[in-house]
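Below is the file entry.cif, which contains mmCIF, C-alpha atoms (C1' of nucleotides).
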```
data_data
#
loop_
_atom_site.label_atom_id
_atom_site.label_comp_id
_atom_site.auth_asym_id
_atom_site.auth_seq_id
_atom_site.Cartn_x
_atom_site.Cartn_y
_atom_site.Cartn_z
CA MET O 4 -113.89 136.70 -124.36
CA ALA O 5 -114.87 138.12 -127.74
CA GLY O 6 -112.35 136.04 -129.66
CA THR O 7 -113.22 132.58 -128.47
CA ARG O 8 -112.20 129.91 -130.95
CA TRP O 9 -115.30 127.72 -130.90
CA LEU O 10 -115.13 124.22 -132.31
CA THR O 11 -115.88 123.57 -135.97
CA ALA O 12 -118.89 121.39 -136.72
CA ALA O 13 -116.67 118.36 -137.31
CA GLN O 14 -114.71 118.93 -134.11
CA GLU O 15 -117.81 119.43 -132.05
CA ARG O 16 -119.38 116.32 -133.44
CA ALA O 17 -116.27 114.25 -132.77
CA TRP O 18 -116.01 115.55 -129.20
CA ARG O 19 -119.65 114.85 -128.43
CA ARG O 20 -119.50 111.39 -129.88
CA TYR O 21 -116.23 110.62 -128.12
CA ARG O 22 -117.89 111.54 -124.82
CA ARG O 23 -120.90 109.41 -125.61
CA MET O 24 -118.73 106.44 -126.60
CA ARG O 25 -116.91 106.82 -123.32
CA THR O 26 -120.09 106.75 -121.30
CA LEU O 27 -121.69 103.87 -123.17
CA LEU O 28 -118.55 101.75 -123.30
CA ASP O 29 -117.84 102.25 -119.61
CA LEU O 30 -121.36 101.35 -118.64
CA GLN O 31 -121.35 98.22 -120.75
CA THR O 32 -117.95 96.82 -119.80
CA ALA O 33 -118.65 97.55 -116.14
CA ARG O 34 -121.99 95.79 -116.38
CA ASP O 35 -120.41 92.78 -118.12
CA LEU O 36 -117.57 92.56 -115.64
CA ASN O 37 -119.86 92.71 -112.66
CA ARG O 38 -122.25 90.14 -114.08
CA ASP O 39 -119.52 87.72 -115.20
CA SER O 40 -117.07 88.02 -112.34
CA GLY O 41 -118.54 90.07 -109.51
CA LEU O 42 -115.84 92.71 -109.94
CA SER O 43 -115.90 96.45 -110.57
CA GLU O 44 -113.61 97.96 -113.18
CA THR O 45 -111.45 99.37 -110.42
CA ASP O 46 -111.20 95.93 -108.79
CA TYR O 47 -110.08 94.55 -112.13
CA ASP O 48 -107.52 97.32 -112.59
CA VAL O 49 -106.00 96.56 -109.20
CA LEU O 50 -105.92 92.80 -109.72
CA SER O 51 -104.48 92.95 -113.23
CA THR O 52 -101.85 95.50 -112.28
CA LEU O 53 -100.75 93.42 -109.31
CA SER O 54 -100.49 90.36 -111.55
CA GLU O 55 -98.00 92.11 -113.82
CA ARG O 56 -95.29 91.69 -111.19
CA PRO O 57 -93.89 88.18 -110.56
CA GLY O 58 -95.02 87.75 -106.94
CA GLY O 59 -98.18 89.80 -107.42
CA GLN O 60 -96.64 92.39 -105.13
CA TRP O 61 -96.54 96.18 -105.36
CA ARG O 62 -95.55 98.88 -102.98
CA SER O 63 -98.60 101.07 -102.16
CA ARG O 64 -96.84 104.19 -103.32
CA ASP O 65 -95.97 102.69 -106.71
CA LEU O 66 -99.37 101.16 -107.27
CA SER O 67 -101.22 104.39 -106.61
CA ALA O 68 -98.87 106.30 -108.92
CA HIS O 69 -99.27 103.69 -111.66
CA LEU O 70 -103.04 103.77 -111.45
CA LEU O 71 -103.09 107.58 -111.15
CA TRP O 72 -104.97 107.22 -107.86
CA SER O 73 -104.54 109.19 -104.68
CA THR O 74 -102.90 107.19 -101.92
CA SER O 75 -106.07 107.69 -99.91
CA ARG O 76 -108.21 106.17 -102.62
CA LEU O 77 -105.92 103.18 -102.81
CA ALA O 78 -105.97 102.71 -99.04
CA HIS O 79 -109.77 102.72 -98.98
CA HIS O 80 -110.10 100.40 -101.96
CA VAL O 81 -107.47 97.95 -100.78
CA GLY O 82 -109.20 97.86 -97.41
CA ARG O 83 -112.42 96.79 -99.09
CA MET O 84 -110.68 94.23 -101.31
CA GLU O 85 -108.82 92.88 -98.30
CA ARG O 86 -112.13 92.15 -96.58
CA ARG O 87 -113.10 90.13 -99.65
CA ARG O 88 -109.79 88.21 -99.46
CA LEU O 89 -108.70 89.34 -102.93
CA VAL O 90 -105.53 91.10 -101.77
CA GLY O 91 -103.42 91.28 -98.62
CA ARG O 92 -101.14 93.82 -96.98
CA GLU O 93 -97.63 93.21 -95.69
CA PRO O 94 -95.05 95.50 -94.12
CA CYS O 95 -92.26 96.58 -96.45
CA ALA O 96 -88.80 95.17 -95.72
CA ASP O 97 -86.82 98.18 -97.03
CA ASP O 98 -88.91 100.95 -95.54
CA ALA O 99 -90.80 100.61 -92.27
CA ARG O 100 -93.36 103.21 -93.40
CA GLY O 101 -94.19 101.25 -96.49
CA ALA O 102 -96.95 98.75 -97.19
CA VAL O 103 -96.82 96.04 -99.81
CA ILE O 104 -100.06 94.99 -101.48
CA THR O 105 -100.16 91.31 -102.45
CA LEU O 106 -102.44 89.17 -104.57
CA THR O 107 -103.92 86.34 -102.50
CA PRO O 108 -104.49 82.90 -104.07
CA GLN O 109 -108.14 83.81 -104.26
CA GLY O 110 -107.19 87.05 -106.01
CA TRP O 111 -105.16 85.14 -108.59
CA GLU O 112 -107.98 82.70 -109.17
CA THR O 113 -110.59 85.43 -109.49
CA LEU O 114 -108.45 87.27 -112.04
CA ARG O 115 -107.69 84.08 -113.97
CA ALA O 116 -111.39 83.38 -114.30
CA ALA O 117 -112.31 86.99 -115.09
CA ALA O 118 -109.67 87.78 -117.72
CA PRO O 119 -111.02 85.84 -120.73
CA LEU O 120 -114.53 87.09 -120.10
CA HIS O 121 -113.33 90.65 -119.81
CA VAL O 122 -111.32 90.36 -123.02
CA ALA O 123 -114.38 88.99 -124.77
CA SER O 124 -116.37 91.97 -123.54
CA VAL O 125 -113.77 94.43 -124.80
CA ARG O 126 -113.69 92.65 -128.15
CA ARG O 127 -117.45 92.60 -128.44
CA HIS O 128 -118.02 96.26 -127.66
CA LEU O 129 -114.91 97.84 -129.16
CA VAL O 130 -112.03 95.91 -130.69
CA ASP O 131 -114.00 93.68 -133.04
CA LEU O 132 -115.98 96.65 -134.31
CA LEU O 133 -112.88 98.37 -135.66
CA THR O 134 -110.63 97.82 -138.64
CA PRO O 135 -106.85 97.49 -138.10
CA GLU O 136 -106.52 101.02 -139.43
CA GLU O 137 -108.97 102.29 -136.86
CA ILE O 138 -107.15 100.45 -134.08
CA ALA O 139 -103.95 102.14 -135.20
CA ALA O 140 -105.66 105.53 -135.34
CA LEU O 141 -107.05 105.11 -131.83
CA ASP O 142 -103.62 104.17 -130.56
CA SER O 143 -102.05 107.17 -132.23
CA ILE O 144 -104.68 109.60 -130.93
CA ALA O 145 -104.35 108.25 -127.40
CA GLY O 146 -100.58 108.46 -127.68
CA LYS O 147 -100.73 112.15 -128.51
CA VAL O 148 -102.98 112.93 -125.56
CA ILE O 149 -100.87 110.87 -123.18
CA ASP O 150 -97.68 112.58 -124.32
CA HIS O 151 -99.30 115.98 -124.03
CA LEU O 152 -100.61 115.39 -120.54
CA GLY O 153 -97.14 114.36 -119.47
CA ASP O 154 -97.59 110.88 -118.16
CA GLY O 155 -93.82 110.55 -117.92
CA PRO O 156 -92.97 108.01 -120.66
CA ALA O 157 -90.38 106.37 -118.43
CA ASP O 158 -92.65 106.42 -115.40
CA ALA O 159 -96.11 104.94 -115.01
CA GLN O 160 -98.03 103.23 -117.83
CA MET Y 3 -111.86 78.58 -121.68
CA ALA Y 4 -109.09 77.00 -123.72
CA GLY Y 5 -109.99 78.87 -126.89
CA THR Y 6 -109.94 82.44 -125.64
CA ARG Y 7 -109.19 84.92 -128.38
CA TRP Y 8 -106.72 87.18 -126.59
CA LEU Y 9 -105.92 90.58 -128.03
CA THR Y 10 -103.09 91.03 -130.49
CA ALA Y 11 -100.19 93.21 -129.39
CA ALA Y 12 -101.52 96.16 -131.39
CA GLN Y 13 -105.04 95.75 -130.02
CA GLU Y 14 -103.87 95.44 -126.45
CA ARG Y 15 -101.69 98.48 -126.80
CA ALA Y 16 -104.53 100.53 -128.29
CA TRP Y 17 -106.93 99.42 -125.56
CA ARG Y 18 -104.51 100.26 -122.76
CA ARG Y 19 -103.68 103.63 -124.20
CA TYR Y 20 -107.31 104.43 -124.87
CA ARG Y 21 -108.02 103.75 -121.21
CA ARG Y 22 -105.12 105.90 -120.11
CA MET Y 23 -106.16 108.74 -122.39
CA ARG Y 24 -109.61 108.54 -120.91
CA THR Y 25 -108.33 108.79 -117.35
CA LEU Y 26 -105.86 111.60 -118.04
CA LEU Y 27 -108.23 113.63 -120.19
CA ASP Y 28 -111.05 113.35 -117.66
CA LEU Y 29 -108.82 114.38 -114.81
CA GLN Y 30 -107.49 117.37 -116.70
CA THR Y 31 -110.73 118.74 -118.09
CA ALA Y 32 -112.43 118.26 -114.72
CA ARG Y 33 -109.59 120.09 -113.00
CA ASP Y 34 -109.72 122.96 -115.51
CA LEU Y 35 -113.48 123.26 -115.30
CA ASN Y 36 -113.48 123.34 -111.54
CA ARG Y 37 -110.67 125.86 -111.37
CA ASP Y 38 -112.10 128.15 -114.07
CA SER Y 39 -115.80 127.98 -113.29
CA GLY Y 40 -116.38 126.12 -110.04
CA LEU Y 41 -118.33 123.42 -111.85
CA SER Y 42 -117.98 119.66 -112.06
CA GLU Y 43 -118.23 117.92 -115.42
CA THR Y 44 -121.65 116.64 -114.46
CA ASP Y 45 -122.77 120.16 -113.56
CA TYR Y 46 -121.60 121.32 -116.98
CA ASP Y 47 -123.39 118.46 -118.72
CA VAL Y 48 -126.64 119.40 -117.01
CA LEU Y 49 -126.32 123.11 -117.72
CA SER Y 50 -125.31 122.72 -121.35
CA THR Y 51 -128.03 120.17 -122.05
CA LEU Y 52 -130.66 122.41 -120.51
CA SER Y 53 -129.44 125.32 -122.62
CA GLU Y 54 -130.06 123.38 -125.83
CA ARG Y 55 -133.80 123.91 -125.44
CA PRO Y 56 -135.22 127.40 -126.00
CA GLY Y 57 -136.51 128.09 -122.49
CA GLY Y 58 -133.77 126.08 -120.81
CA GLN Y 59 -136.46 123.60 -119.77
CA TRP Y 60 -136.46 119.82 -119.77
CA ARG Y 61 -138.77 117.26 -118.33
CA SER Y 62 -136.88 115.20 -115.70
CA ARG Y 63 -137.63 111.97 -117.49
CA ASP Y 64 -136.22 113.25 -120.79
CA LEU Y 65 -133.16 114.79 -119.24
CA SER Y 66 -132.16 111.64 -117.39
CA ALA Y 67 -132.66 109.56 -120.54
CA HIS Y 68 -130.61 112.00 -122.61
CA LEU Y 69 -127.75 112.00 -120.13
CA LEU Y 70 -127.97 108.22 -119.64
CA TRP Y 71 -128.49 108.82 -115.92
CA SER Y 72 -130.82 107.05 -113.55
CA THR Y 73 -133.77 109.16 -112.48
CA SER Y 74 -132.48 108.85 -108.96
CA ARG Y 75 -129.11 110.25 -109.89
CA LEU Y 76 -130.75 113.19 -111.61
CA ALA Y 77 -133.00 113.89 -108.64
CA HIS Y 78 -130.01 113.96 -106.28
CA HIS Y 79 -127.90 116.10 -108.57
CA VAL Y 80 -130.65 118.57 -109.40
CA GLY Y 81 -131.36 118.90 -105.70
CA ARG Y 82 -127.77 119.94 -105.12
CA MET Y 83 -127.70 122.32 -108.08
CA GLU Y 84 -130.98 123.81 -106.92
CA ARG Y 85 -129.42 124.72 -103.60
CA ARG Y 86 -126.73 126.56 -105.56
CA ARG Y 87 -129.43 128.42 -107.54
CA LEU Y 88 -128.20 127.06 -110.88
CA VAL Y 89 -131.44 125.31 -111.77
CA GLY Y 90 -135.03 125.27 -110.57
CA ARG Y 91 -137.89 122.79 -110.50
CA GLU Y 92 -141.45 123.40 -111.65
CA PRO Y 93 -144.49 121.17 -111.86
CA CYS Y 94 -145.31 119.90 -115.33
CA ALA Y 95 -148.47 121.25 -116.97
CA ASP Y 96 -149.28 118.14 -119.04
CA ASP Y 97 -148.62 115.52 -116.39
CA ALA Y 98 -149.10 116.12 -112.69
CA ARG Y 99 -146.45 113.49 -111.85
CA GLY Y 100 -143.84 115.27 -113.89
CA ALA Y 101 -141.18 117.78 -112.93
CA VAL Y 102 -139.63 120.33 -115.25
CA ILE Y 103 -136.03 121.32 -114.64
CA THR Y 104 -135.27 124.92 -115.58
CA LEU Y 105 -132.13 126.99 -116.00
CA THR Y 106 -132.17 129.98 -113.64
CA PRO Y 107 -130.71 133.33 -114.74
CA GLN Y 108 -127.71 132.48 -112.60
CA GLY Y 109 -127.46 129.11 -114.36
CA TRP Y 110 -127.45 130.83 -117.76
CA GLU Y 111 -124.82 133.28 -116.65
CA THR Y 112 -122.62 130.59 -115.15
CA LEU Y 113 -122.80 128.55 -118.34
CA ARG Y 114 -122.15 131.60 -120.53
CA ALA Y 115 -119.01 132.35 -118.58
CA ALA Y 116 -117.86 128.72 -118.42
CA ALA Y 117 -118.37 127.73 -122.06
CA PRO Y 118 -115.42 129.51 -123.74
CA LEU Y 119 -113.05 128.37 -121.01
CA HIS Y 120 -114.25 124.81 -121.32
CA VAL Y 121 -113.89 124.85 -125.08
CA ALA Y 122 -110.37 126.17 -124.68
CA SER Y 123 -109.60 123.32 -122.32
CA VAL Y 124 -110.94 120.73 -124.75
CA ARG Y 125 -108.93 122.32 -127.56
CA ARG Y 126 -105.78 122.43 -125.50
CA HIS Y 127 -105.88 118.83 -124.31
CA LEU Y 128 -107.46 117.10 -127.28
CA VAL Y 129 -108.76 118.87 -130.36
CA ASP Y 130 -105.73 121.00 -131.15
CA LEU Y 131 -103.44 118.00 -130.77
CA LEU Y 132 -105.12 116.13 -133.62
CA THR Y 133 -105.08 116.46 -137.40
CA PRO Y 134 -108.38 116.74 -139.29
CA GLU Y 135 -107.91 113.11 -140.32
CA GLU Y 136 -107.57 112.07 -136.71
CA ILE Y 137 -110.66 114.04 -135.75
CA ALA Y 138 -112.54 112.21 -138.48
CA ALA Y 139 -111.17 108.86 -137.33
CA LEU Y 140 -112.21 109.51 -133.74
CA ASP Y 141 -115.68 110.47 -134.88
CA SER Y 142 -115.97 107.33 -136.98
CA ILE Y 143 -114.73 105.05 -134.18
CA ALA Y 144 -117.10 106.60 -131.69
CA GLY Y 145 -119.94 106.29 -134.19
CA LYS Y 146 -119.39 102.56 -134.53
CA VAL Y 147 -119.41 102.01 -130.78
CA ILE Y 148 -122.50 104.17 -130.30
CA ASP Y 149 -124.36 102.33 -133.06
CA HIS Y 150 -123.34 98.97 -131.62
CA LEU Y 151 -124.42 99.82 -128.11
CA GLY Y 152 -127.78 100.84 -129.44
CA ASP Y 153 -128.16 104.41 -128.37
CA GLY Y 154 -131.25 104.68 -130.54
CA PRO Y 155 -130.08 106.95 -133.42
CA ALA Y 156 -133.38 108.81 -133.40
CA ASP Y 157 -133.43 109.05 -129.61
CA ALA Y 158 -131.00 110.72 -127.30
CA GLN Y 159 -128.02 112.73 -128.51
"C1'" DC C 27 -166.70 104.31 -113.02
"C1'" DG C 28 -163.48 100.80 -110.37
"C1'" DC C 29 -159.62 98.16 -110.40
"C1'" DG C 30 -154.99 96.67 -111.45
"C1'" DT C 31 -150.72 98.03 -113.67
"C1'" DC C 32 -147.30 101.13 -115.41
"C1'" DT C 33 -144.77 105.58 -115.11
"C1'" DT C 34 -142.65 109.31 -112.78
"C1'" DG C 35 -139.94 111.31 -109.43
"C1'" DC C 36 -138.26 111.34 -104.74
"C1'" DT C 37 -135.98 109.47 -100.57
"C1'" DG C 38 -132.85 106.71 -97.42
"C1'" DA C 39 -129.23 103.52 -96.90
"C1'" DC C 40 -125.10 102.16 -98.42
"C1'" DA C 41 -120.67 102.03 -101.57
"C1'" DC C 42 -117.11 104.81 -103.49
"C1'" DG C 43 -113.96 109.06 -104.21
"C1'" DT C 44 -111.79 113.39 -102.51
"C1'" DC C 45 -109.76 116.21 -99.23
"C1'" DA C 46 -107.58 117.67 -94.89
"C1'" DG C 47 -105.13 116.06 -91.29
"C1'" DC C 48 -102.33 112.86 -88.64
"C1'" DA C 49 -98.69 109.55 -87.03
"C1'" DA C 50 -94.68 107.20 -87.98
"C1'" DG C 51 -90.48 106.75 -90.52
"C1'" DT C 52 -86.78 108.54 -93.57
"C1'" DA C 53 -83.44 111.91 -95.27
"C1'" DC C 54 -80.81 115.92 -95.21
"C1'" DT C 55 -77.83 119.17 -92.77
"C1'" DA C 56 -75.28 121.33 -89.41
"C1'" DT Z 28 -76.26 113.34 -83.06
"C1'" DA Z 29 -80.12 116.60 -83.08
"C1'" DG Z 30 -83.24 119.19 -85.66
"C1'" DT Z 31 -86.00 120.09 -89.48
"C1'" DA Z 32 -88.41 118.87 -93.53
"C1'" DC Z 33 -90.21 115.43 -96.53
"C1'" DT Z 34 -92.50 110.85 -97.51
"C1'" DT Z 35 -95.66 107.23 -96.71
"C1'" DG Z 36 -99.92 105.39 -95.60
"C1'" DC Z 37 -104.13 105.61 -92.86
"C1'" DT Z 38 -108.44 107.71 -91.13
"C1'" DG Z 39 -112.77 110.60 -90.73
"C1'" DA Z 40 -115.89 113.75 -92.76
"C1'" DC Z 41 -118.23 114.89 -96.53
"C1'" DG Z 42 -119.94 114.96 -101.61
"C1'" DT Z 43 -121.56 111.94 -105.12
"C1'" DG Z 44 -123.60 107.52 -107.39
"C1'" DT Z 45 -126.43 103.15 -107.03
"C1'" DC Z 46 -130.10 100.49 -105.58
"C1'" DA Z 47 -134.52 99.25 -103.41
"C1'" DG Z 48 -138.66 101.02 -102.20
"C1'" DC Z 49 -142.44 104.35 -101.98
"C1'" DA Z 50 -146.28 107.63 -103.16
"C1'" DA Z 51 -148.86 109.89 -106.49
"C1'" DG Z 52 -150.65 110.15 -110.90
"C1'" DA Z 53 -151.69 108.20 -115.67
"C1'" DC Z 54 -153.41 104.50 -118.38
"C1'" DG Z 55 -156.21 100.56 -119.91
"C1'" DC Z 56 -159.94 97.42 -119.66
"C1'" DG Z 57 -164.05 95.23 -117.69
#
```
For the structure just supplied, provide its representation as structure tokens.
Amino acid sequence: MAGTRWLTAAQERAWRRYRRMRTLLDLQTARDLNRDSGLSETDYDVLSTLSERPGGQWRSRDLSAHLLWSTSRLAHHVGRMERRRLVGREPCADDARGAVITLTPQGWETLRAAAPLHVASVRRHLVDLLTPEEIAALDSIAGKVIDHLGDGPADAQ
Amino acid sequence: MAGTRWLTAAQERAWRRYRRMRTLLDLQTARDLNRDSGLSETDYDVLSTLSERPGGQWRSRDLSAHLLWSTSRLAHHVGRMERRRLVGREPCADDARGAVITLTPQGWETLRAAAPLHVASVRRHLVDLLTPEEIAALDSIAGKVIDHLGDGPADAQ
DNA sequence: CGCGTCTTGCTGACACGTCAGCAAGTACTA
DNA sequence: TAGTACTTGCTGACGTGTCAGCAAGACGCG
């Protein structure tokens, strides 16, 4: 590999700082979420995704694809959340193999209470730090990466 | 919480896509790194950080602070990397409590072989997708978050 | 020095994620 | 309809991260 195209100083700096932002921001929002609502980020992802559908119901297969999780990971995580009464499982009417994950009343209530606090946390540590131009730039950068990594525009997201 | 300041449409969109970029980019670079070099991202972080110092040596305490890892996490991870002969442990001359983590010859060689492939992966999935202006914007955004979350500008990174 | 406190690093128990493998159901094809 | 292959979801084993707790050494003050 004689002809490796190393990063320029500006590129290297941006990459390093992106990685550090990622680490710090994750740590902080996770800490806030756990302190405020007793949830992990993954718990919150599951609850908020479920709530996007009218009845709070998703087929396991679709939920794991949407979250970019393995079906195994979803099964484990849903099992743990089920024990905490945040979600439930029901057989699927159309397909006897299928399982439908459902938000319980307690799941709805937990999410309702958590959402404003989580939004405040995201504002505090990211959104309110940036100008509208920077928000637009972040969106555009993320869009390019998402398109490149082929998230299937029609599909998940 | 009647007066919650929810996100605007543009902010919400940027936040969601940032999160998705994060997930996709992590998955892809981790997959590439493992396929090309048999390393995890955390392995690579440890090796490349060690290599920044002349002798490839870091005090445990300093390394965990630099990586934003708990000392426990570092101890576990170094133990595993030690079994693979990528790093070694030595007692610290100045402080009998201390441990010094050292890159082994095999660790150097592994990193030397992995680096160009990893850079290519980062280029392919991020850097080469962006204009110089977008690189600058990403750097500036990350800088704001890092400053806000108090990474101690003089300290780590 | 002698004592209490802080720092450093390690360990064990437990929570979470991945992977291989399995059982049951569906879909395609002859 | 029977046979084969695919899909769906679960489980167990194992690697990794977090947390509480420990032992040894450093530090500070009388």
What are the closest atom pairs, with distances in Å to one decimal, for each residue of stretch 60-108 of chain Y lying within 10 Å of stretch 27-41 of chain C, using all atoms listed in the file, rows by chain and rising residue number, as CSV?
```
residue,atom,partner,partner_atom,distance
Y:Ser62,CA,C:DG35,C1',8.0
Y:Arg63,CA,C:DT34,C1',7.4
Y:Thr73,CA,C:DG35,C1',7.2
Y:Ser74,CA,C:DC36,C1',7.6
Y:Leu76,CA,C:DG35,C1',9.6
Y:Ala77,CA,C:DC36,C1',7.0
Y:His78,CA,C:DC36,C1',8.8
Y:Asp97,CA,C:DT34,C1',9.3
Y:Ala98,CA,C:DT34,C1',9.4
Y:Arg99,CA,C:DT34,C1',5.7
Y:Gly100,CA,C:DT34,C1',6.2
Y:Ala101,CA,C:DG35,C1',7.5
```
Decode the PyMOL selection byres ((chain C) within 12 of (chain O)) for the given file into explicit residues and return them as a list in words.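 Answer for the PyMOL selection byres ((chain C) within 12 of (chain O)): DA41, DC42, DG43, DT44, DC45, DA46, DA49, DA50, DG51 and DT52 of chain C.
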If the cut-off is 6 Å, can you tell me the residues of chain O near chain Y, counting only C-alpha atoms? I'd like them as a list in words.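 Here is what falls inside 6 Å: Ala17, Arg20, Tyr21, Met24, Asp142, Ala145 and Ile149 of chain O.
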Dump C-alpha atoms for the selected residues as a compact mmCIF listing (two decimals), in the coordinates of the input?
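The resulting result.txt:
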```
# COMPACT_ATOMS: atom_id res chain seq x y z
CA ALA O 17 -116.27 114.25 -132.77
CA ARG O 20 -119.50 111.39 -129.88
CA TYR O 21 -116.23 110.62 -128.12
CA MET O 24 -118.73 106.44 -126.60
CA ASP O 142 -103.62 104.17 -130.56
CA ALA O 145 -104.35 108.25 -127.40
CA ILE O 149 -100.87 110.87 -123.18
```
Residue among Z:DA40, Z:DC56, Z:DT34, Z:DT45 lying closest to chain O, counting all atoms listed in the file: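 When distances to chain O are compared using all atoms listed in the file, the smallest one comes from Z:DT34.
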Would you write out, as a Markdown table, a table of all residues in chain Z that have an atom no more than 8 Å from an atom of chain O, listing for each the closest atom pair and the distance in Å to one decimal, considering all atoms listed in the file and ordering rows by chain and rising residue number?
```
| residue | atom | partner | partner_atom | distance |
| --- | --- | --- | --- | --- |
| Z:DT35 | C1' | O:Arg100 | CA | 5.7 |
| Z:DG36 | C1' | O:Gly101 | CA | 7.1 |
| Z:DC37 | C1' | O:Ala78 | CA | 7.1 |
```
Test item: the PyMOL selection byres ((chain C and resi 56) around 12) resolved as a PDB file with C-alpha atoms (C1' of nucleotides), keeping the file's coordinate frame:
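That gives us part.pdb:
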```pdb
ATOM      1  C1'  DC C  54     -80.810 115.920 -95.210  1.00  0.00           C
ATOM      2  C1'  DT C  55     -77.830 119.170 -92.770  1.00  0.00           C
TER       3       DT C  55
ATOM      4  C1'  DT Z  28     -76.260 113.340 -83.060  1.00  0.00           C
ATOM      5  C1'  DA Z  29     -80.120 116.600 -83.080  1.00  0.00           C
ATOM      6  C1'  DG Z  30     -83.240 119.190 -85.660  1.00  0.00           C
ATOM      7  C1'  DT Z  31     -86.000 120.090 -89.480  1.00  0.00           C
TER       8       DT Z  31
END
```
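Note that the spacing between atom CA of O:Thr52 and atom C1' of Z:DT43 amounts to 26.6 Å.
We find atom CA of Y:Arg55 and atom CA of Y:Arg87 to be spaced 19.0 Å apart.
One distance worth recording is that between atom CA of O:Leu106 and atom CA of O:Gly58, which is 7.9 Å.
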May I have the residues within 7 Å of stretch 33-45 of chain O as a PyMOL selection string, using all atoms listed in the file and disregarding those fewer than 6 positions away in the same chain? chain O and resi 117+121+124
Would you place a box with edges along x, y and z of the file around all atoms of stretch 40-54 of chain Y listed there, add 4 Å to each of its six sides, and report the centre and edge lengths in Å to one decimal, as AutoDock Vina command-line options?
```
--center_x -123.5 --center_y 121.4 --center_z -117.9 --size_x 22.3 --size_y 17.5 --size_z 23.8
```
Decode the PyMOL selection byres ((chain Y and resi 84) around 12) for the given file into explicit residues and return them as a VMD selection string. chain Y and resid 45 48 to 49 76 to 83 85 to 92 103 to 106 108 to 109
Kindly output stretch 124-139 of chain O as a PDB file, in the frame of the given file, after building N, CA and C atoms.
```
ATOM      1  N   SER O 124    -115.513  90.784-123.625  1.00  0.00           N
ATOM      2  CA  SER O 124    -116.370  91.970-123.540  1.00  0.00           C
ATOM      3  C   SER O 124    -115.760  93.148-124.293  1.00  0.00           C
ATOM      4  N   VAL O 125    -114.463  93.339-124.110  1.00  0.00           N
ATOM      5  CA  VAL O 125    -113.770  94.430-124.800  1.00  0.00           C
ATOM      6  C   VAL O 125    -113.793  94.207-126.309  1.00  0.00           C
ATOM      7  N   ARG O 126    -113.594  92.966-126.726  1.00  0.00           N
ATOM      8  CA  ARG O 126    -113.690  92.650-128.150  1.00  0.00           C
ATOM      9  C   ARG O 126    -115.078  92.963-128.681  1.00  0.00           C
ATOM     10  N   ARG O 127    -116.072  92.494-127.968  1.00  0.00           N
ATOM     11  CA  ARG O 127    -117.450  92.600-128.440  1.00  0.00           C
ATOM     12  C   ARG O 127    -117.866  94.053-128.630  1.00  0.00           C
ATOM     13  N   HIS O 128    -117.486  94.893-127.644  1.00  0.00           N
ATOM     14  CA  HIS O 128    -118.020  96.260-127.660  1.00  0.00           C
ATOM     15  C   HIS O 128    -117.070  97.287-128.251  1.00  0.00           C
ATOM     16  N   LEU O 129    -115.834  96.879-128.552  1.00  0.00           N
ATOM     17  CA  LEU O 129    -114.910  97.840-129.160  1.00  0.00           C
ATOM     18  C   LEU O 129    -114.018  97.204-130.222  1.00  0.00           C
ATOM     19  N   VAL O 130    -113.117  96.348-129.794  1.00  0.00           N
ATOM     20  CA  VAL O 130    -112.030  95.910-130.690  1.00  0.00           C
ATOM     21  C   VAL O 130    -112.546  95.269-131.970  1.00  0.00           C
ATOM     22  N   ASP O 131    -113.526  94.379-131.844  1.00  0.00           N
ATOM     23  CA  ASP O 131    -114.000  93.680-133.040  1.00  0.00           C
ATOM     24  C   ASP O 131    -114.869  94.549-133.944  1.00  0.00           C
ATOM     25  N   LEU O 132    -115.212  95.744-133.459  1.00  0.00           N
ATOM     26  CA  LEU O 132    -115.980  96.650-134.310  1.00  0.00           C
ATOM     27  C   LEU O 132    -115.083  97.444-135.251  1.00  0.00           C
ATOM     28  N   LEU O 133    -113.780  97.459-134.952  1.00  0.00           N
ATOM     29  CA  LEU O 133    -112.880  98.370-135.660  1.00  0.00           C
ATOM     30  C   LEU O 133    -111.966  97.648-136.633  1.00  0.00           C
ATOM     31  N   THR O 134    -111.611  98.330-137.690  1.00  0.00           N
ATOM     32  CA  THR O 134    -110.630  97.820-138.640  1.00  0.00           C
ATOM     33  C   THR O 134    -109.231  98.004-138.039  1.00  0.00           C
ATOM     34  N   PRO O 135    -108.235  97.287-138.575  1.00  0.00           N
ATOM     35  CA  PRO O 135    -106.850  97.490-138.100  1.00  0.00           C
ATOM     36  C   PRO O 135    -106.418  98.946-138.228  1.00  0.00           C
ATOM     37  N   GLU O 136    -106.876  99.617-139.266  1.00  0.00           N
ATOM     38  CA  GLU O 136    -106.520 101.020-139.430  1.00  0.00           C
ATOM     39  C   GLU O 136    -107.118 101.872-138.303  1.00  0.00           C
ATOM     40  N   GLU O 137    -108.331 101.535-137.931  1.00  0.00           N
ATOM     41  CA  GLU O 137    -108.970 102.290-136.860  1.00  0.00           C
ATOM     42  C   GLU O 137    -108.304 102.018-135.510  1.00  0.00           C
ATOM     43  N   ILE O 138    -107.893 100.772-135.302  1.00  0.00           N
ATOM     44  CA  ILE O 138    -107.150 100.450-134.080  1.00  0.00           C
ATOM     45  C   ILE O 138    -105.871 101.289-134.016  1.00  0.00           C
ATOM     46  N   ALA O 139    -105.188 101.360-135.153  1.00  0.00           N
ATOM     47  CA  ALA O 139    -103.950 102.140-135.200  1.00  0.00           C
ATOM     48  C   ALA O 139    -104.221 103.618-134.960  1.00  0.00           C
TER      49      ALA O 139
END
```
